[in-house]
Amino acid sequence: MKSSCEGDRLSCPTGQLNLSPPVSRRLVLASGLALAACGREPALGQPIAEPPLKSLANFPIGTCVRAPELADPAYADLAARHFSQLTAEWEMKMEYVVQPDGSFRFDRADAIAAFARQHGMRLFGHALLWYANEPEGFLKLDETRQSFEGAVRNYVTAMVSRYRGLAAGWDVVNEPVMENGEGLRESLWSRKLGQTGQFKVAFEAAKAADPAAVLFINDYHLESRPPKLRTYMRLIEQLLKAGVPLGGIGCQTHSWSELPAGSITATLKALAGFGLPIHLSEMDVSTVQGGLLANRTEAERRQARLYAEAIEAFAALPERQQFAFTVWGMRDKDSWLKRENALDTPLLFDDLGRPKPAFAAVTNALRRS
Ligand code: G3I
């Protein structure tokens with residue numbers, strides 16, 4: 001790990017970070033093409049598109065995006081038309097940002113931020129510390145030159161300060177609870193900083209870098225695994241008691257069509273009990289997990305019902321706790337779940353970007369709320 005400070009890198013004492021790395025010409029062109037396409041009017045004779053989701057909601061409606069896809073006019077159009085907040089699906093995570101030599105690359109995060117700024121959208125930062133990202137830059141850190149804690153503080157400071165004023169909030173620690181809910185996950189971060197220390201270091205550095213940003217923890221399967229929800233809520237209590245600047249609670253809501261009705265509602269109510277802003281942060285509804293693959297119509301009916309339930313439950317929260325409702329992708333073909341099963345149709349728009357029954361269920365639920 002180099003100890004010099006020519007640019008953004010883990011070993012740079014905070015404040016000497018060079019926050020203006022070269023952005024690739026290709027990406028600038030791609031972003032420009034994406035932006036130019038957004039002004040495109042629907043061709044004569046084309047059906048009038050559905051009302052924008054964000055025009056029906058009293059709270060921010062978000063989606064995750066990937067930078068290269070923003071050069072696709074259809075993708076850019078859909079994002080700009082329906083959503084008021086963007087989350088980078090993976091390009092603001094360490095796995096993309098932190099290079100093996102400890103330097104940082106922000107090109108794609110900057111492109112997503114530029115698109116959000118261009119369209120008056122909020123950005124949501126995802127995710128600073130995550131058990132699933134243990135990049136070489138940290139694993140090979142020369143701790144005789146830079147403490148591990150110092151490198152984490154530098155990284156969090158570089159990320160959060162770069163998008164200060166645009167990022168409304170951050171997932172500071174992502175998915176801290178074990179799959180079975182029996183405790184907190186072990187990770188590079190917990191091993192090096194301590195279970196509580198990882199939260200303290202990351203949240204304090206993020207707070208210092210952007211005092212206005214809402215700082216979240218975020219986890220999944222809280223609706224279907226009671227032990228996981230209990231451990232998550234115990235962790236929240238502990239962090240608040242310890243004075244960690246936790247400002248919001250993320251509930252990812254990755255679901256499937258057979259999730260029992262009422263599970264999402266009960267989970268949001270339980271989490272809302274802390275009085276903090278809630279981010280329903282990554283909703284999708286698989287139509288193939290479980291056993292309904294054979295009955296596509298029934299799976300899509302239940303999918304629509306679950307999306308409607310989630311909107312109604314979120315809209316029933318006190319307004320000050322409605323941080324954002326985010327779906328994890330726009331068109332079925334964009335979904336990460338397609339990698340698990342190509343037959344899955346988890347999102348609100350089909351592969352061609354046409355609204356599905358789930359979209360109609362969401363718009364009806366928004367109108368009722
Ligand atoms: O686009 C590149 C491609 O050019 C390259 O050839 C390939 C080689 O690995 O990588 C491709 O990027 C992949 C990226 O998804 C875009 O498809 C990354 O490797 C892959 O790691 C990344 O996976 C993402 C995953 O998080 C890990 O970051 C998924 O898209 C994303 O949907 C998923 O999202 C997570 C949330 O962050 C946390 N909650 C669960 C959720 C689903 O797992």
# chains A, B, ... in the order shown; residues from 1 in each chain; ligands from 1
call {"tool": "residues_near_ligand", "arguments": {"ligand": "ligand 1", "cutoff": "8 Å", "atoms": "only C-alpha atoms and all ligand atoms", "output": "NGL selection string"}}
result
:A and (66 or 89-91 or 93 or 95 or 126-127 or 132-133 or 174-175 or 219-220 or 252 or 254 or 282 or 328 or 335-337)
call {"tool": "residues_around", "arguments": {"residues": "A:Asp344", "least_positions_apart": "5", "cutoff": "6 Å", "atoms": "only C-alpha atoms", "output": "list in words"}}
result
Thr287, Val288 and Lys338 of chain A
call {"tool": "residues_around", "arguments": {"residues": "A:Val214", "least_positions_apart": "6", "cutoff": "8 Å", "atoms": "only C-alpha atoms", "output": "PDB file with C-alpha atoms, in the first residue's frame"}}
result
ATOM      1  CA  ALA A 168     -29.853  12.515   1.347  1.00  0.00           C
ATOM      2  CA  GLY A 169     -28.583   9.518   3.309  1.00  0.00           C
ATOM      3  CA  TRP A 170     -26.208   6.554   3.439  1.00  0.00           C
ATOM      4  CA  LEU A 246     -27.795   6.242  13.760  1.00  0.00           C
ATOM      5  CA  GLY A 247     -30.392   8.374  11.976  1.00  0.00           C
ATOM      6  CA  GLY A 248     -32.495   5.896  10.023  1.00  0.00           C
TER       7      GLY A 248
END
call {"tool": "residues_around", "arguments": {"residues": "A:Met159", "least_positions_apart": "3", "cutoff": "12 Å", "atoms": "only C-alpha atoms", "output": "VMD selection string"}}
result
chain A and resid 8 to 10 14 17 to 19 91 to 94 97 to 98 104 to 106 109 to 110 124 to 129 152 to 156 162 to 164 167 169 to 172 202 205 to 210
call {"tool": "write_last_selection", "arguments": {"atoms": "N, CA and C atoms", "output": "CSV table (one decimal), in the first residue's frame"}}
result
chain,number,residue,atom,x,y,z
A,8,ASP,N,-7.0,10.0,-4.3
A,8,ASP,CA,-7.9,9.4,-3.3
A,8,ASP,C,-7.3,8.0,-3.0
A,9,ARG,N,-7.0,7.8,-1.8
A,9,ARG,CA,-6.5,6.5,-1.4
A,9,ARG,C,-6.7,6.2,0.1
A,10,LEU,N,-6.7,5.0,0.5
A,10,LEU,CA,-6.9,4.7,1.9
A,10,LEU,C,-5.8,5.3,2.8
A,14,THR,N,-6.8,12.3,6.0
A,14,THR,CA,-8.0,13.0,5.6
A,14,THR,C,-7.7,14.5,5.3
A,17,LEU,N,-7.1,14.5,0.4
A,17,LEU,CA,-7.6,13.7,-0.7
A,17,LEU,C,-7.8,14.5,-1.9
A,18,ASN,N,-7.3,14.0,-3.0
A,18,ASN,CA,-7.6,14.7,-4.3
A,18,ASN,C,-8.9,14.2,-4.8
A,19,LEU,N,-9.9,15.1,-4.7
A,19,LEU,CA,-11.3,14.6,-5.0
A,19,LEU,C,-11.7,14.8,-6.4
A,91,GLU,N,-22.0,0.6,-7.8
A,91,GLU,CA,-20.8,1.3,-8.1
A,91,GLU,C,-20.4,2.4,-7.1
A,92,MET,N,-21.1,2.4,-6.0
A,92,MET,CA,-20.7,3.2,-4.8
A,92,MET,C,-20.3,2.3,-3.7
A,93,LYS,N,-20.1,1.0,-4.0
A,93,LYS,CA,-19.6,0.1,-3.0
A,93,LYS,C,-18.1,-0.1,-3.1
A,94,MET,N,-17.5,-0.6,-2.1
A,94,MET,CA,-16.0,-0.8,-2.1
A,94,MET,C,-15.6,-1.7,-3.3
A,97,VAL,N,-15.3,0.9,-6.0
A,97,VAL,CA,-14.5,2.1,-5.7
A,97,VAL,C,-13.1,1.8,-5.3
A,98,VAL,N,-12.8,0.9,-4.4
A,98,VAL,CA,-11.5,0.7,-3.8
A,98,VAL,C,-10.6,-0.2,-4.7
A,104,PHE,N,-9.0,5.1,-5.0
A,104,PHE,CA,-10.4,5.1,-5.2
A,104,PHE,C,-10.8,5.5,-6.6
A,105,ARG,N,-11.8,4.9,-7.2
A,105,ARG,CA,-12.3,5.4,-8.5
A,105,ARG,C,-13.8,5.8,-8.3
A,106,PHE,N,-14.1,7.0,-8.8
A,106,PHE,CA,-15.5,7.5,-8.6
A,106,PHE,C,-16.2,7.7,-9.9
A,109,ALA,N,-19.8,6.4,-10.0
A,109,ALA,CA,-20.6,7.1,-8.9
A,109,ALA,C,-20.9,8.5,-9.3
A,110,ASP,N,-19.9,9.2,-9.9
A,110,ASP,CA,-20.0,10.5,-10.3
A,110,ASP,C,-21.0,10.6,-11.5
A,124,PHE,N,-29.0,8.4,-3.0
A,124,PHE,CA,-28.8,7.6,-1.7
A,124,PHE,C,-27.6,6.8,-1.8
A,125,GLY,N,-26.7,7.0,-0.8
A,125,GLY,CA,-25.4,6.3,-0.8
A,125,GLY,C,-25.4,4.9,-0.3
A,126,HIS,N,-25.0,3.9,-1.1
A,126,HIS,CA,-25.1,2.5,-0.7
A,126,HIS,C,-23.8,1.8,-1.2
A,127,ALA,N,-23.0,1.2,-0.4
A,127,ALA,CA,-23.1,1.1,1.1
A,127,ALA,C,-21.6,1.2,1.5
A,128,LEU,N,-21.4,1.8,2.7
A,128,LEU,CA,-20.1,2.1,3.1
A,128,LEU,C,-19.3,0.9,3.7
A,129,LEU,N,-19.9,0.2,4.7
A,129,LEU,CA,-19.3,-1.0,5.2
A,129,LEU,C,-20.2,-2.2,5.0
A,152,VAL,N,-10.2,3.2,7.2
A,152,VAL,CA,-11.7,3.2,7.2
A,152,VAL,C,-12.3,4.6,7.3
A,153,ARG,N,-11.7,5.4,8.2
A,153,ARG,CA,-12.2,6.8,8.3
A,153,ARG,C,-11.9,7.6,7.1
A,154,ASN,N,-10.8,7.4,6.4
A,154,ASN,CA,-10.4,8.1,5.2
A,154,ASN,C,-11.4,7.7,4.1
A,155,TYR,N,-11.7,6.4,4.0
A,155,TYR,CA,-12.6,5.9,2.9
A,155,TYR,C,-14.0,6.5,3.1
A,156,VAL,N,-14.6,6.4,4.3
A,156,VAL,CA,-15.9,6.9,4.6
A,156,VAL,C,-15.9,8.5,4.4
A,162,ARG,N,-17.8,13.6,-0.7
A,162,ARG,CA,-17.8,13.8,-2.2
A,162,ARG,C,-19.3,14.1,-2.6
A,163,TYR,N,-20.2,13.5,-2.0
A,163,TYR,CA,-21.6,13.7,-2.5
A,163,TYR,C,-22.5,14.5,-1.5
A,164,ARG,N,-21.8,15.2,-0.6
A,164,ARG,CA,-22.4,16.1,0.4
A,164,ARG,C,-23.4,17.0,-0.3
A,167,ALA,N,-26.5,13.6,-1.6
A,167,ALA,CA,-26.9,12.3,-1.0
A,167,ALA,C,-27.7,12.6,0.2
A,169,GLY,N,-28.9,10.5,2.2
A,169,GLY,CA,-28.6,9.5,3.3
A,169,GLY,C,-27.6,8.5,2.8
A,170,TRP,N,-27.2,7.6,3.8
A,170,TRP,CA,-26.2,6.6,3.4
A,170,TRP,C,-26.5,5.3,4.2
A,171,ASP,N,-26.4,4.2,3.5
A,171,ASP,CA,-26.3,2.9,4.3
A,171,ASP,C,-24.9,2.8,4.8
A,172,VAL,N,-24.7,3.1,6.1
A,172,VAL,CA,-23.4,3.1,6.7
A,172,VAL,C,-22.8,1.7,7.0
A,202,ALA,N,-17.5,4.0,11.6
A,202,ALA,CA,-18.1,4.4,10.3
A,202,ALA,C,-19.2,5.5,10.5
A,205,ALA,N,-17.5,8.9,11.4
A,205,ALA,CA,-16.8,9.5,10.2
A,205,ALA,C,-17.8,10.0,9.2
A,206,ALA,N,-18.9,9.3,9.0
A,206,ALA,CA,-19.9,9.7,8.0
A,206,ALA,C,-20.6,11.0,8.6
A,207,LYS,N,-20.9,11.0,9.9
A,207,LYS,CA,-21.6,12.2,10.5
A,207,LYS,C,-20.7,13.5,10.3
A,208,ALA,N,-19.4,13.3,10.5
A,208,ALA,CA,-18.5,14.4,10.4
A,208,ALA,C,-18.4,14.9,9.0
A,209,ALA,N,-18.5,13.9,8.0
A,209,ALA,CA,-18.3,14.3,6.6
A,209,ALA,C,-19.6,15.0,6.1
A,210,ASP,N,-20.7,14.6,6.6
A,210,ASP,CA,-22.0,15.3,6.1
A,210,ASP,C,-23.0,15.2,7.2
call {"tool": "closest_residue", "arguments": {"among": "A:Ala261, A:Ile236, A:Ala74, A:Leu366", "to": "A:Asp351", "atoms": "only C-alpha atoms"}}
result
A:Ala74
call {"tool": "atom_distance", "arguments": {"atom1": "atom CA of A:Glu300", "atom2": "atom CA of A:His279"}}
result
24.5 Å
call {"tool": "select_by_dssp", "arguments": {"residues": "stretch 303-356 of chain A", "states": "strand (DSSP E)", "output": "PyMOL selection string"}}
result
chain A and resi 322-327
call {"tool": "write_last_selection", "arguments": {"atoms": "C-alpha atoms", "output": "CSV table (one decimal), in the first residue's frame"}}
result
chain,number,residue,atom,x,y,z
A,322,GLN,CA,-41.2,8.3,5.5
A,323,PHE,CA,-37.6,8.6,4.2
A,324,ALA,CA,-38.0,6.8,0.8
A,325,PHE,CA,-39.6,3.8,-0.9
A,326,THR,CA,-37.0,2.2,-3.2
A,327,VAL,CA,-37.5,-0.6,-5.6
call {"tool": "closest_residue", "arguments": {"among": "A:Leu317, A:Lys241, A:Arg296, A:Ser147", "to": "A:Gly275", "atoms": "only C-alpha atoms"}}
result
A:Leu317
call {"tool": "residues_around", "arguments": {"residues": "A:Leu239", "least_positions_apart": "3", "cutoff": "12 Å", "atoms": "only C-alpha atoms", "output": "list in words"}}
result
Val173, Gln195, Thr196, Gly197, Gln198, Phe199, Lys200, Phe203, Glu204, Phe216, Ile217, Tyr232, Met233, Arg234, Leu235, Ile236, Ala242, Gly243, Val244, Pro245, Leu246, Gly247, Gly248, Ile249 and Phe274 of chain A
